[in-house]
Amino acid sequence: MFSPIGADLDSLVDAIAYMIPPFVIAVLSGSNILIFTAGIFVACGIFRLAKFNVEEKSVGYGKGMQTPIAAHFVYLSVAIGMSYEILSIA
């Protein structure tokens with residue numbers, strides 16, 4: 001937030017902490033459709049983080065769903081026992 005390297009490291013930590021665990025959950029589930037959609041989820045999340053780092057920033061304004069919110073949605077869906085097919089659509 002205060003330096004360019006800090007912003008890049010923050011995005012890297014977000015990718016590791018919030019994009020990789022949902023993919024691991026998908027792999028452990030064994031559902032092919034969930035693994036496919038989790039791969040898309042990770043690719044889109046990393047693309048958003050990379051794009052966020054290179055765009056000009058407006059103070060107090062953000063675009064798209066933040067990666068922690070998206071990951072917590074996946075965790076909540078698994079915790080309440082949502083079926084893998086519905087989770088892959090959501």
# chains A, B, ... in the order shown; residues from 1 in each chain; ligands from 1
call {"tool": "residues_around", "arguments": {"residues": "stretch 7-14 of chain A", "least_positions_apart": "3", "cutoff": "12 Å", "atoms": "only C-alpha atoms", "output": "PyMOL selection string"}}
result
chain A and resi 1-4+17-21+42+45-54+57+66-71
call {"tool": "residues_around", "arguments": {"residues": "A:Ile25", "least_positions_apart": "2", "cutoff": "12 Å", "atoms": "only C-alpha atoms", "output": "PyMOL selection string"}}
result
chain A and resi 18-23+27-31+34-35+37-39+71+74-75+77-79+84+87-88
call {"tool": "atom_distance", "arguments": {"atom1": "atom CA of A:Val24", "atom2": "atom CA of A:Leu76"}}
result
15.1 Å
call {"tool": "select_by_dssp", "arguments": {"residues": "chain A", "states": "helix (DSSP H, G or I)", "output": "PyMOL selection string"}}
result
chain A and resi 4-29+32-54+67-79+84-89
call {"tool": "atom_distance", "arguments": {"atom1": "atom CA of A:Ile16", "atom2": "atom CA of A:Gly81"}}
result
24.3 Å
